[in-house]
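upload-v2.cif follows (mmCIF, C-alpha atoms and all ligand atoms):
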```cif
data_my_file
loop_
_atom_site.group_PDB
_atom_site.id
_atom_site.type_symbol
_atom_site.label_atom_id
_atom_site.label_comp_id
_atom_site.auth_asym_id
_atom_site.auth_seq_id
_atom_site.Cartn_x
_atom_site.Cartn_y
_atom_site.Cartn_z
ATOM 1 C CA MET A 1 -91.959 91.148 111.047
ATOM 2 C CA ILE A 2 -92.385 93.119 107.813
ATOM 3 C CA ASP A 3 -94.942 95.901 108.282
ATOM 4 C CA LEU A 4 -95.809 97.981 105.205
ATOM 5 C CA LYS A 5 -97.353 101.425 105.623
ATOM 6 C CA ARG A 6 -100.604 101.638 103.674
ATOM 7 C CA ASN A 7 -103.087 104.400 102.913
ATOM 8 C CA SER A 8 -106.856 104.273 103.449
ATOM 9 C CA LYS A 9 -107.213 102.304 100.194
ATOM 10 C CA LYS A 10 -104.795 99.695 101.578
ATOM 11 C CA LEU A 11 -102.145 100.639 99.017
ATOM 12 C CA PRO A 12 -98.472 100.716 100.141
ATOM 13 C CA VAL A 13 -97.128 104.255 100.634
ATOM 14 C CA LYS A 14 -93.709 105.551 101.658
ATOM 15 C CA ALA A 15 -93.028 104.967 105.347
ATOM 16 C CA THR A 16 -91.394 107.906 107.145
ATOM 17 C CA GLY A 17 -90.893 106.321 110.562
ATOM 18 C CA CYS A 18 -92.579 109.361 112.133
ATOM 19 C CA ARG A 19 -96.069 109.941 113.403
ATOM 20 C CA THR A 20 -97.881 112.892 111.884
ATOM 21 C CA ARG A 21 -100.574 113.796 114.449
ATOM 22 C CA ALA A 22 -98.938 116.485 116.624
ATOM 23 C CA SER A 23 -101.424 115.922 119.471
ATOM 24 C CA SER A 24 -100.072 112.381 119.919
ATOM 25 C CA ILE A 25 -96.577 113.683 120.640
ATOM 26 C CA TYR A 26 -95.725 114.994 124.104
ATOM 27 C CA THR A 27 -93.564 118.085 124.581
ATOM 28 C CA PRO A 28 -91.558 117.976 127.838
ATOM 29 C CA ASN A 29 -93.388 119.923 130.569
ATOM 30 C CA GLN A 30 -96.374 120.659 128.349
ATOM 31 C CA ARG A 31 -99.447 122.012 130.149
ATOM 32 C CA GLU A 32 -102.083 120.597 127.827
ATOM 33 C CA ASP A 33 -103.554 117.259 128.859
ATOM 34 C CA PHE A 34 -101.843 114.239 127.327
ATOM 35 C CA LYS A 35 -103.212 110.697 127.434
ATOM 36 C CA VAL A 36 -101.053 107.690 128.269
ATOM 37 C CA SER A 37 -102.783 104.364 127.795
ATOM 38 C CA ARG A 38 -102.244 101.162 129.739
ATOM 39 C CA GLY A 39 -100.458 99.756 126.706
ATOM 40 C CA LYS A 40 -98.005 102.649 126.569
ATOM 41 C CA PHE A 41 -97.376 102.368 130.318
ATOM 42 C CA SER A 42 -96.506 98.696 129.704
ATOM 43 C CA ASP A 43 -94.163 99.815 126.918
ATOM 44 C CA PHE A 44 -92.471 102.149 129.402
ATOM 45 C CA LEU A 45 -91.951 99.255 131.817
ATOM 46 C CA THR A 46 -90.529 97.036 129.049
ATOM 47 C CA CYS A 47 -88.296 99.617 127.402
ATOM 48 C CA PRO A 48 -88.224 103.282 128.490
ATOM 49 C CA ARG A 49 -86.289 104.109 125.315
ATOM 50 C CA CYS A 50 -88.965 102.853 122.941
ATOM 51 C CA PHE A 51 -91.678 104.552 125.016
ATOM 52 C CA TYR A 52 -89.749 107.836 124.934
ATOM 53 C CA LEU A 53 -88.993 107.689 121.208
ATOM 54 C CA ASN A 54 -92.643 106.972 120.488
ATOM 55 C CA ARG A 55 -94.418 109.385 122.838
ATOM 56 C CA VAL A 56 -91.929 112.278 123.033
ATOM 57 C CA LYS A 57 -89.921 112.062 119.808
ATOM 58 C CA GLY A 58 -92.879 110.985 117.672
ATOM 59 C CA LEU A 59 -91.300 107.906 116.079
ATOM 60 C CA ASP A 60 -93.734 105.438 114.530
ATOM 61 C CA PRO A 61 -92.611 101.871 115.307
ATOM 62 C CA PRO A 62 -93.631 98.870 113.158
ATOM 63 C CA GLY A 63 -96.981 97.462 114.238
ATOM 64 C CA THR A 64 -98.459 93.997 114.533
ATOM 65 C CA PRO A 65 -101.567 92.732 112.749
ATOM 66 C CA GLY A 66 -104.843 92.551 114.720
ATOM 67 C CA TRP A 67 -105.663 89.409 116.677
ATOM 68 C CA THR A 68 -109.037 88.920 115.059
ATOM 69 C CA LEU A 69 -109.728 85.421 116.428
ATOM 70 C CA ASN A 70 -108.988 86.552 119.982
ATOM 71 C CA GLU A 71 -111.027 89.693 119.430
ATOM 72 C CA THR A 72 -113.926 87.530 118.306
ATOM 73 C CA THR A 73 -113.954 85.532 121.545
ATOM 74 C CA ASP A 74 -113.917 88.850 123.425
ATOM 75 C CA LEU A 75 -116.785 90.156 121.337
ATOM 76 C CA LEU A 76 -118.926 87.054 121.877
ATOM 77 C CA LEU A 77 -118.172 86.957 125.597
ATOM 78 C CA LYS A 78 -119.168 90.594 125.809
ATOM 79 C CA LYS A 79 -122.555 89.740 124.299
ATOM 80 C CA GLU A 80 -123.097 86.950 126.844
ATOM 81 C CA PHE A 81 -122.135 89.106 129.788
ATOM 82 C CA ASP A 82 -124.181 92.050 128.571
ATOM 83 C CA GLU A 83 -127.266 89.839 128.516
ATOM 84 C CA CYS A 84 -126.649 88.955 132.172
ATOM 85 C CA ARG A 85 -125.822 92.590 132.916
ATOM 86 C CA GLU A 86 -129.168 93.705 131.640
ATOM 87 C CA LYS A 87 -131.003 91.141 133.798
ATOM 88 C CA GLN A 88 -128.539 91.580 136.691
ATOM 89 C CA ALA A 89 -128.246 87.789 136.748
ATOM 90 C CA PRO A 90 -125.141 85.650 137.407
ATOM 91 C CA HIS A 91 -123.391 84.376 134.290
ATOM 92 C CA ARG A 92 -123.440 80.577 133.660
ATOM 93 C CA LEU A 93 -119.763 80.357 134.721
ATOM 94 C CA PHE A 94 -120.342 81.830 138.172
ATOM 95 C CA ALA A 95 -122.181 79.002 140.027
ATOM 96 C CA PRO A 96 -119.688 76.220 139.043
ATOM 97 C CA ASN A 97 -116.908 78.455 140.359
ATOM 98 C CA GLY A 98 -118.671 79.210 143.669
ATOM 99 C CA LEU A 99 -119.392 82.785 142.566
ATOM 100 C CA SER A 100 -123.198 82.844 142.456
ATOM 101 C CA HIS A 101 -123.130 86.123 144.398
ATOM 102 C CA LEU A 102 -121.564 87.981 141.430
ATOM 103 C CA VAL A 103 -123.286 89.825 138.581
ATOM 104 C CA PRO A 104 -121.813 91.830 135.698
ATOM 105 C CA PHE A 105 -121.585 95.448 136.880
ATOM 106 C CA ASP A 106 -124.232 97.706 135.397
ATOM 107 C CA HIS A 107 -123.060 101.292 134.888
ATOM 108 C CA PRO A 108 -123.941 103.892 132.222
ATOM 109 C CA GLU A 109 -120.220 104.339 131.408
ATOM 110 C CA MET A 110 -119.556 100.624 130.868
ATOM 111 C CA ASP A 111 -119.276 100.872 127.077
ATOM 112 C CA ASN A 112 -116.887 103.819 127.368
ATOM 113 C CA TRP A 113 -114.751 102.005 129.929
ATOM 114 C CA ARG A 114 -114.437 99.069 127.531
ATOM 115 C CA ASP A 115 -113.481 101.284 124.597
ATOM 116 C CA SER A 116 -109.687 101.148 124.774
ATOM 117 C CA LEU A 117 -109.178 103.187 121.589
ATOM 118 C CA HIS A 118 -111.284 106.233 122.354
ATOM 119 C CA HIS A 119 -112.036 106.256 126.091
ATOM 120 C CA GLY A 120 -111.401 103.554 128.710
ATOM 121 C CA LEU A 121 -111.116 104.036 132.461
ATOM 122 C CA ILE A 122 -109.691 107.526 132.946
ATOM 123 C CA LEU A 123 -107.623 108.993 135.772
ATOM 124 C CA ARG A 124 -105.554 112.167 135.962
ATOM 125 C CA HIS A 125 -102.126 111.509 137.467
ATOM 126 C CA LYS A 126 -101.882 113.700 140.567
ATOM 127 C CA ASN A 127 -101.970 117.365 139.452
ATOM 128 C CA SER A 128 -100.089 116.719 136.232
ATOM 129 C CA SER A 129 -101.234 117.032 132.636
ATOM 130 C CA ILE A 130 -100.964 113.244 132.269
ATOM 131 C CA ILE A 131 -104.261 111.410 131.852
ATOM 132 C CA LEU A 132 -104.009 107.650 132.377
ATOM 133 C CA THR A 133 -106.408 105.458 130.435
ATOM 134 C CA GLY A 134 -107.148 101.740 130.195
ATOM 135 C CA GLY A 135 -109.858 99.856 128.310
ATOM 136 C CA VAL A 136 -111.075 97.095 130.614
ATOM 137 C CA ASP A 137 -112.691 93.902 129.239
ATOM 138 C CA ASP A 138 -115.331 93.672 131.937
ATOM 139 C CA ILE A 139 -116.216 94.573 135.511
ATOM 140 C CA TRP A 140 -118.305 92.355 137.767
ATOM 141 C CA GLN A 141 -119.847 93.195 141.122
ATOM 142 C CA ASP A 142 -120.040 91.299 144.407
ATOM 143 C CA THR A 143 -123.703 91.688 145.414
ATOM 144 C CA ARG A 144 -122.836 91.039 149.077
ATOM 145 C CA THR A 145 -120.335 93.901 149.423
ATOM 146 C CA ASN A 146 -120.956 95.956 146.243
ATOM 147 C CA LYS A 147 -117.208 95.808 145.535
ATOM 148 C CA LEU A 148 -116.150 95.823 141.900
ATOM 149 C CA ILE A 149 -114.176 92.996 140.324
ATOM 150 C CA VAL A 150 -111.769 93.592 137.447
ATOM 151 C CA VAL A 151 -111.995 91.031 134.641
ATOM 152 C CA ASP A 152 -109.827 90.333 131.648
ATOM 153 C CA TYR A 153 -110.784 87.880 128.891
ATOM 154 C CA LYS A 154 -107.893 85.834 127.502
ATOM 155 C CA SER A 155 -107.944 83.451 124.524
ATOM 156 C CA GLN A 156 -105.240 80.898 123.857
ATOM 157 C CA ALA A 157 -104.652 77.469 122.347
ATOM 158 C CA LYS A 158 -102.505 75.162 124.451
ATOM 159 C CA ASN A 159 -102.512 71.391 124.861
ATOM 160 C CA GLY A 160 -104.073 69.965 128.001
ATOM 161 C CA ARG A 161 -105.833 71.631 130.866
ATOM 162 C CA VAL A 162 -104.949 75.038 132.278
ATOM 163 C CA ASP A 163 -103.421 74.908 135.733
ATOM 164 C CA LYS A 164 -104.377 78.158 137.455
ATOM 165 C CA GLN A 165 -101.146 78.580 139.401
ATOM 166 C CA ASP A 166 -98.995 77.741 136.363
ATOM 167 C CA TYR A 167 -101.003 80.273 134.398
ATOM 168 C CA LEU A 168 -100.150 83.035 136.890
ATOM 169 C CA ASP A 169 -96.520 81.921 137.248
ATOM 170 C CA ASP A 170 -95.836 81.844 133.494
ATOM 171 C CA PRO A 171 -93.223 84.563 132.729
ATOM 172 C CA TYR A 172 -95.087 85.300 129.491
ATOM 173 C CA HIS A 173 -98.115 86.286 131.607
ATOM 174 C CA GLU A 174 -96.296 88.895 133.705
ATOM 175 C CA GLY A 175 -97.780 91.597 131.485
ATOM 176 C CA TYR A 176 -101.283 90.253 132.144
ATOM 177 C CA LYS A 177 -100.863 90.787 135.872
ATOM 178 C CA ILE A 178 -99.505 94.296 135.282
ATOM 179 C CA GLN A 179 -102.622 94.940 133.225
ATOM 180 C CA MET A 180 -104.859 93.897 136.145
ATOM 181 C CA ASP A 181 -102.841 95.931 138.669
ATOM 182 C CA PHE A 182 -103.189 98.972 136.426
ATOM 183 C CA TYR A 183 -106.961 98.603 135.934
ATOM 184 C CA ALA A 184 -107.451 98.139 139.689
ATOM 185 C CA TYR A 185 -105.354 101.282 140.239
ATOM 186 C CA LEU A 186 -107.462 103.295 137.790
ATOM 187 C CA LEU A 187 -110.793 102.078 139.161
ATOM 188 C CA SER A 188 -109.732 102.776 142.756
ATOM 189 C CA GLY A 189 -108.452 106.200 141.756
ATOM 190 C CA MET A 190 -111.837 106.889 140.167
ATOM 191 C CA GLY A 191 -113.391 106.376 143.587
ATOM 192 C CA PHE A 192 -114.696 102.804 143.324
ATOM 193 C CA ASP A 193 -114.295 100.133 145.969
ATOM 194 C CA VAL A 194 -112.353 97.384 144.174
ATOM 195 C CA HIS A 195 -112.375 93.748 145.297
ATOM 196 C CA GLN A 196 -108.897 92.380 146.025
ATOM 197 C CA THR A 197 -109.452 89.470 143.644
ATOM 198 C CA ALA A 198 -109.593 90.020 139.893
ATOM 199 C CA TYR A 199 -110.313 87.261 137.352
ATOM 200 C CA PHE A 200 -108.832 86.154 134.073
ATOM 201 C CA LEU A 201 -111.499 84.411 132.035
ATOM 202 C CA VAL A 202 -109.267 82.065 130.035
ATOM 203 C CA CYS A 203 -110.702 80.428 126.915
ATOM 204 C CA ASN A 204 -108.405 77.602 125.829
ATOM 205 C CA ALA A 205 -109.039 76.220 122.340
ATOM 206 C CA LYS A 206 -109.098 72.416 122.324
ATOM 207 C CA ARG A 207 -106.385 71.111 120.001
ATOM 208 C CA ASP A 208 -107.228 67.418 120.386
ATOM 209 C CA GLU A 209 -110.540 67.389 118.465
ATOM 210 C CA ASP A 210 -110.723 65.019 115.469
ATOM 211 C CA GLY A 211 -111.279 67.845 112.966
ATOM 212 C CA PHE A 212 -112.405 71.413 112.501
ATOM 213 C CA HIS A 213 -116.002 70.769 111.249
ATOM 214 C CA GLN A 214 -116.661 74.518 111.207
ATOM 215 C CA THR A 215 -116.330 74.623 114.985
ATOM 216 C CA MET A 216 -113.523 75.435 117.357
ATOM 217 C CA ARG A 217 -114.283 74.280 120.899
ATOM 218 C CA PHE A 218 -112.883 75.878 124.047
ATOM 219 C CA ASP A 219 -112.451 75.024 127.709
ATOM 220 C CA GLU A 220 -113.142 77.947 130.030
ATOM 221 C CA TYR A 221 -111.383 78.767 133.280
ATOM 222 C CA LEU A 222 -111.757 81.531 135.829
ATOM 223 C CA VAL A 223 -108.261 82.231 137.140
ATOM 224 C CA PRO A 224 -108.339 84.389 140.293
ATOM 225 C CA TYR A 225 -105.573 86.929 140.738
ATOM 226 C CA ASN A 226 -104.985 89.137 143.787
ATOM 227 C CA TRP A 227 -103.882 92.393 142.290
ATOM 228 C CA ASN A 228 -101.135 94.572 143.729
ATOM 229 C CA MET A 229 -101.137 98.284 142.998
ATOM 230 C CA SER A 230 -98.510 99.303 145.553
ATOM 231 C CA TRP A 231 -95.772 99.624 142.908
ATOM 232 C CA ILE A 232 -97.707 101.535 140.269
ATOM 233 C CA GLU A 233 -97.608 105.134 141.456
ATOM 234 C CA GLU A 234 -93.823 105.195 141.721
ATOM 235 C CA GLU A 235 -93.468 103.808 138.194
ATOM 236 C CA ILE A 236 -95.900 106.400 136.836
ATOM 237 C CA ASP A 237 -93.901 109.127 138.577
ATOM 238 C CA ASP A 238 -90.763 107.785 136.878
ATOM 239 C CA MET A 239 -92.554 107.652 133.531
ATOM 240 C CA VAL A 240 -93.710 111.283 133.825
ATOM 241 C CA CYS A 241 -90.230 112.307 134.915
ATOM 242 C CA LEU A 242 -88.809 110.631 131.811
ATOM 243 C CA MET A 243 -91.334 112.370 129.561
ATOM 244 C CA ASN A 244 -90.219 115.726 130.945
ATOM 245 C CA GLN A 245 -86.533 115.247 130.223
ATOM 246 C CA ASN A 246 -84.563 115.567 127.013
ATOM 247 C CA GLN A 247 -82.199 112.623 127.293
ATOM 248 C CA ILE A 248 -82.965 109.394 125.433
ATOM 249 C CA PRO A 249 -82.853 106.467 127.905
ATOM 250 C CA GLU A 250 -80.999 103.168 127.468
ATOM 251 C CA PRO A 251 -82.514 100.364 125.357
ATOM 252 C CA ASN A 252 -83.591 96.950 126.626
ATOM 253 C CA GLU A 253 -80.651 94.737 125.715
ATOM 254 C CA SER A 254 -82.900 91.674 125.263
ATOM 255 C CA CYS A 255 -84.861 93.383 122.499
ATOM 256 C CA LYS A 256 -84.486 91.617 119.167
ATOM 257 C CA ASN A 257 -85.684 94.691 117.248
ATOM 258 C CA CYS A 258 -82.795 96.837 118.469
ATOM 259 C CA ALA A 259 -80.307 94.022 117.950
ATOM 260 C CA TYR A 260 -81.625 93.601 114.406
ATOM 261 C CA SER A 261 -81.402 97.350 113.807
ATOM 262 C CA ASP A 262 -77.830 97.374 115.000
ATOM 263 C CA GLN A 263 -76.849 94.480 112.739
ATOM 264 C CA TYR A 264 -78.801 96.067 109.882
ATOM 265 C CA SER A 265 -76.777 99.282 110.208
ATOM 266 C CA ARG A 266 -73.466 97.408 110.343
ATOM 267 C CA THR A 267 -74.358 95.304 107.300
ATOM 268 C CA VAL A 268 -75.880 97.994 105.092
ATOM 269 C CA HIS A 269 -73.490 100.757 106.144
ATOM 270 C CA PRO A 270 -70.170 99.118 107.063
ATOM 271 C CA ASP A 271 -68.452 102.537 106.787
ATOM 272 C CA GLY A 272 -71.040 104.414 108.878
ATOM 273 C CA ILE A 273 -74.346 106.019 107.907
ATOM 274 C CA ASP A 274 -74.238 108.654 105.159
ATOM 275 C CA HIS A 275 -76.836 111.148 106.393
ATOM 276 C CA GLY A 276 -76.958 112.785 102.974
ATOM 277 C CA ASN A 277 -78.363 109.594 101.510
ATOM 278 C CA ASP A 278 -82.161 109.506 101.244
ATOM 279 C CA SER A 279 -82.392 105.730 101.650
ATOM 280 C CA GLN A 280 -83.584 104.324 104.977
ATOM 281 C CA GLY A 281 -80.454 103.727 107.006
ATOM 282 C CA SER A 282 -80.909 102.649 110.602
ATOM 283 C CA LEU A 283 -84.136 101.412 112.094
ATOM 284 C CA PHE A 284 -83.784 103.042 115.504
HETATM 285 S S1 LIG B 301 -84.634 98.050 122.753
HETATM 286 FE FE1 LIG B 301 -84.848 99.378 120.963
HETATM 287 S S2 LIG B 301 -86.375 98.498 119.574
HETATM 288 FE FE2 LIG B 301 -86.418 97.418 121.546
HETATM 289 S S3 LIG B 301 -88.084 98.305 122.577
HETATM 290 FE FE3 LIG B 301 -86.232 99.406 123.204
HETATM 291 S S4 LIG B 301 -85.866 101.107 121.795
HETATM 292 FE FE4 LIG B 301 -87.489 99.749 120.970
#
```

What is this structure when it is put down as structure tokens?
Amino acid sequence: MIDLKRNSKKLPVKATGCRTRASSIYTPNQREDFKVSRGKFSDFLTCPRCFYLNRVKGLDPPGTPGWTLNETTDLLLKKEFDECREKQAPHRLFAPNGLSHLVPFDHPEMDNWRDSLHHGLILRHKNSSIILTGGVDDIWQDTRTNKLIVVDYKSQAKNGRVDKQDYLDDPYHEGYKIQMDFYAYLLSGMGFDVHQTAYFLVCNAKRDEDGFHQTMRFDEYLVPYNWNMSWIEEEIDDMVCLMNQNQIPEPNESCKNCAYSDQYSRTVHPDGIDHGNDSQGSLF
């Protein structure tokens, strides 16, 4: 996609391809604490090269616009669950799903844990300077065992009903499960007893209504997922190891951005890039 750099007045400004805030760039073997979010960990799993260029070399990749409709469902769900949290009452979705023994977890840090931009769940990785963070959508509690349940809200618009197994098996949802595994890992590492089953609260917009009429209607599903954190620590070790080295790793050969960049370079500079030229040459 085309992503223009803009200033605070929303006016286009020259894009440099580099990030400017030094504290967001990691120096190999640095001793000062450095935060790595769940999103960046996912980037590492998808393409170590892009993760490395971004976090260690300070490159500023093109972004994507916000998902404001999805964010709005999240925001409204949050209001519903907070009402139940305050009363310590089960949410309306719990009884029909055989979960009357659950309540939204009430904890003074809840707002911080949900703030993915500035806080989130926080865990230091072993004795390193790496601080892992992840902004969770919600946490519920089993009143029979006091175990905590990780919850992620998901909005989508697909024809027909959502089959829970198909939802989990969908290759496009692999990242969702990684997200859950990571949150469960953080919460456990923070000393909480985490229930083996997490839930995706899936809101599926109904596409077969006869018109919009100022209303978009949704079906709701609770999709249970048994998280697995056994693989996470090793991957984090590999990620930290990568951050502390000076060699740029290999790209993901399925990535259309890199393929585009490569073709861009060949087309715009058939005789090779002239580094004396000020014009933007290669994307990556
Ligand atoms: S393959 Fe290239 S563009 Fe794609 S994610 Fe990796 S480094 Fe980034």

request  = Give as a list in words the residues surrounding ligand LIG 301 (chain B) up to a distance of 9 Å, considering all atoms listed in the file.
outcome  =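 Counting all atoms listed in the file, the residues within 9 Å of ligand LIG 301 (chain B) come out as Asp43, Phe44, Thr46, Cys47, Pro48, Arg49, Cys50, Phe51, Tyr52, Leu53, Asn54, Pro61, Pro249, Glu250, Pro251, Asn252, Glu253, Ser254, Cys255, Lys256, Asn257, Cys258, Ala259, Tyr260, Ser261, Leu283 and Phe284 of chain A.
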
Neighbours of point (-115.8, 79.9, 140.8) within 12 Å, using all atoms listed in the file, written as a PyMOL selection string = chain A and resi 90-102+197-201+220-224

task = I need the residue set behind the PyMOL selection byres (((chain A and resi 150) around 12) and not hetatm) for this file; please write it as an NGL selection string.
result = :A and (102 or 104-105 or 113-114 or 121 or 134-142 or 147-149 or 151-153 or 177 or 179-188 or 192-201 or 223-227)

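For the pair CA of Val56 (chain A) and CA of Arg124 (chain A), the separation is 18.8 Å.
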
task = Carefully work through the PyMOL selection byres (((chain A and resi 130) around 8) and not hetatm) for this structure and note down the residues it includes, as a list of chain:residue names.
result =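 On the file shown, the PyMOL selection byres (((chain A and resi 130) around 8) and not hetatm) covers A:Asp33, A:Phe34, A:Lys35, A:Val36, A:Arg124, A:His125, A:Ser128, A:Ser129, A:Ile131, A:Leu132, A:Val240.
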
Quick one: which residues end up in the PyMOL selection byres (((chain A and resi 162) around 12) and not hetatm) for this structure, as a compact mmCIF listing (two decimals) with C-alpha atoms, in the frame of the given file?
```txt
# COMPACT_ATOMS: atom_id res chain seq x y z
CA SER A 155 -107.94 83.45 124.52
CA GLN A 156 -105.24 80.90 123.86
CA ALA A 157 -104.65 77.47 122.35
CA LYS A 158 -102.50 75.16 124.45
CA ASN A 159 -102.51 71.39 124.86
CA GLY A 160 -104.07 69.96 128.00
CA ARG A 161 -105.83 71.63 130.87
CA ASP A 163 -103.42 74.91 135.73
CA LYS A 164 -104.38 78.16 137.46
CA GLN A 165 -101.15 78.58 139.40
CA ASP A 166 -99.00 77.74 136.36
CA TYR A 167 -101.00 80.27 134.40
CA LEU A 168 -100.15 83.04 136.89
CA ASP A 169 -96.52 81.92 137.25
CA ASP A 170 -95.84 81.84 133.49
CA PHE A 200 -108.83 86.15 134.07
CA LEU A 201 -111.50 84.41 132.04
CA VAL A 202 -109.27 82.06 130.04
CA CYS A 203 -110.70 80.43 126.92
CA ASN A 204 -108.40 77.60 125.83
CA ALA A 205 -109.04 76.22 122.34
CA LYS A 206 -109.10 72.42 122.32
CA PHE A 218 -112.88 75.88 124.05
CA ASP A 219 -112.45 75.02 127.71
CA GLU A 220 -113.14 77.95 130.03
CA TYR A 221 -111.38 78.77 133.28
CA LEU A 222 -111.76 81.53 135.83
CA VAL A 223 -108.26 82.23 137.14
```

query = Interatomic distance between CA of Asn70 (chain A) and CA of Met1 (chain A)?
reply = 19.8 Å

key: Straight-line distance linking CA of Ser37 (chain A) with CA of Thr133 (chain A), stated in Å to one decimal   = 4.6 Å

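For the choices A:Pro28, A:Gly211, A:Gly120, A:Gly175, the atom-to-atom distance to Gln247 (chain A) is smallest for A:Pro28 when using only C-alpha atoms.
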
Determine the axis-aligned bounding box of all atoms of region 75-90 of chain A present in the file, pad each side by 6 Å, and express its centre and edge lengths in Å to one decimal place as AutoDock Vina command-line options.
```
--center_x -123.9 --center_y 89.7 --center_z 129.4 --size_x 26.2 --size_y 20.1 --size_z 28.1
```
